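Written out below as structure tokens is the structure these notes cover.
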Amino acid sequence: MTDPCFKAVLNDLINKNVNNVVGDIIRKFVNDPNSKITFIQQPEVTKPNGTQLYSGFYPNTNVIALSESQLKNASNEFIAITIIHEIFHAKIRDLEQVDHTKMFNEYVKPTGEYMASLYNIDERTAENLLLAGLNDATGYKMISLYSTRWLEVKFDLQNYVMLRNAGSYCK
């Protein structure tokens, strides 16, 4: 990767020793030669149907690609969440909806805790940033139907990605 911001965030994830399940997973996938991930950046990352994505995991090559166009205004916190999301895909390695459901059920709370330790972000806000990428997970619809949490998710996504109203940013 050549983008200094992407590199700085990835270095934060690798080098700041936060001990919880998320930190353990990250260390495994960046340090273990048997499960080593390669990180790249691309002008755009898309689904086969052309839908633009923030990032993608390619299991055949063990590559995580970050989208320059989609992440150009994103906070460091959101870039970190994006990388973590893709590392979870690398760990789970199932269909996207199955991966997202497992993330929804097992990793939302630990990711919030991890991010609060790493970036001093509110745990619930960090959880919301991860939830923003899990809208096809079984259980996510319960959030949107029976609570106002989905409004928090949209609000936090806008502030940390589109409006640059919250979070830290590369200089």
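Here's how to read the names in the structure tokens: chain A, B, ... by the order shown, residue numbers from 1 in each chain, ligand numbers from 1 in the order shown.
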Margin query: I want to know what sits within 12 Å of A:Asn105, based on only C-alpha atoms, with residues of the same chain fewer than 5 positions away left out; could you give that as a VMD selection string?
Written below: chain A and resid 98 to 100 110 to 111 127 130 to 131 134 137 to 140
Check: If you count only C-alpha atoms, which residues fall within 9 Å of A:Tyr119, apart from same-chain ones fewer than 6 positions away, as a PyMOL selection string?
Finding: chain A and resi 76-77+167-168
Check: Which residues, written as a PyMOL selection string, have at least one atom at most 12 Å from A:Thr46, with only C-alpha atoms counted and residues fewer than 2 positions away on the same chain left out?
Finding: chain A and resi 42-44+48-58+65-70
Margin query: So that I can check the surroundings of A:Ser75, please list as an NGL selection string every protein, DNA and RNA residue that reaches within 12 Å of it, counting only C-alpha atoms and ignoring chain neighbours fewer than 2 positions away.
Written below: :A and (5-6 or 8-9 or 70-73 or 77-82 or 119 or 121 or 126 or 129 or 156-171)
What's the 9 Å shell around A:Ile14, counting only C-alpha atoms, without same-chain residues fewer than 6 positions away, as a tab-separated table (two decimals) with N, CA and C atoms, in the first residue's frame?
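Output saved as result00.tsv:
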chain	number	residue	atom	x	y	z
A	23	GLY	N	-8.16	-8.06	18.80
A	23	GLY	CA	-6.71	-7.91	18.71
A	23	GLY	C	-6.02	-9.22	18.39
A	26	ILE	N	-6.58	-10.03	14.65
A	26	ILE	CA	-5.76	-9.16	13.80
A	26	ILE	C	-4.31	-9.63	13.81
A	27	ARG	N	-3.77	-9.87	14.99
A	27	ARG	CA	-2.37	-10.32	15.07
A	27	ARG	C	-2.17	-11.63	14.32
A	30	VAL	N	-2.04	-10.94	10.49
A	30	VAL	CA	-0.95	-10.14	9.94
A	30	VAL	C	0.42	-10.70	10.29
A	31	ASN	N	0.47	-11.59	11.27
A	31	ASN	CA	1.77	-12.13	11.71
A	31	ASN	C	1.99	-13.60	11.39
Next item on the list: Select from chain A everything DSSP, run on the backbone, classes as strand (DSSP E), then give the selection as a PyMOL selection string.
Entry: chain A and resi 38-42+45-46+52-53+55-58+63-67
Notebook entry, point to check: Could you pull out all residues of chain A with a DSSP call of alpha helix (DSSP H) and give them as an MDAnalysis selection string?
Noted result: chainID A and resid 4:15 21:31 68:71 76:92 96:106 108:119 123:131 140:146 149:157
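Remark: for A:Phe155, the closest of the candidate residues A:Ser35, A:Asn17, A:Asn128, A:Asn62 is A:Asn128 (distances computed over only C-alpha atoms).
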Notebook entry, point to check: What is the atom CA of A:Arg149 to atom CA of A:Glu86 distance in Å?
Noted result: 23.0 Å
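Reported to one decimal place, the separation of atom CA of A:Asn11 from atom CA of A:Met103 is 22.8 Å.
Remark: for A:Asp24, the closest of the candidate residues A:Asp94, A:Ala74, A:Thr2, A:Phe88 is A:Phe88 (distances computed over only C-alpha atoms).
Between A:Lys16 and the residues A:Leu151, A:Leu95, A:Leu118, A:Val63, the shortest atom-to-atom distance, using only C-alpha atoms, involves A:Leu118.
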Item checked: From A:Val22, A:Ile83, A:Ile64, A:Ala90, residue lying nearest A:Leu10 [only C-alpha atoms] -> A:Ile83
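The two atoms in question, atom CA of A:Ser147 and atom CA of A:Asp122, are spaced 19.6 Å apart.
Residue nearest A:Leu13, chosen from A:Gly112, A:Thr148, A:Ile25, A:Pro59 and counting only C-alpha atoms: A:Ile25.
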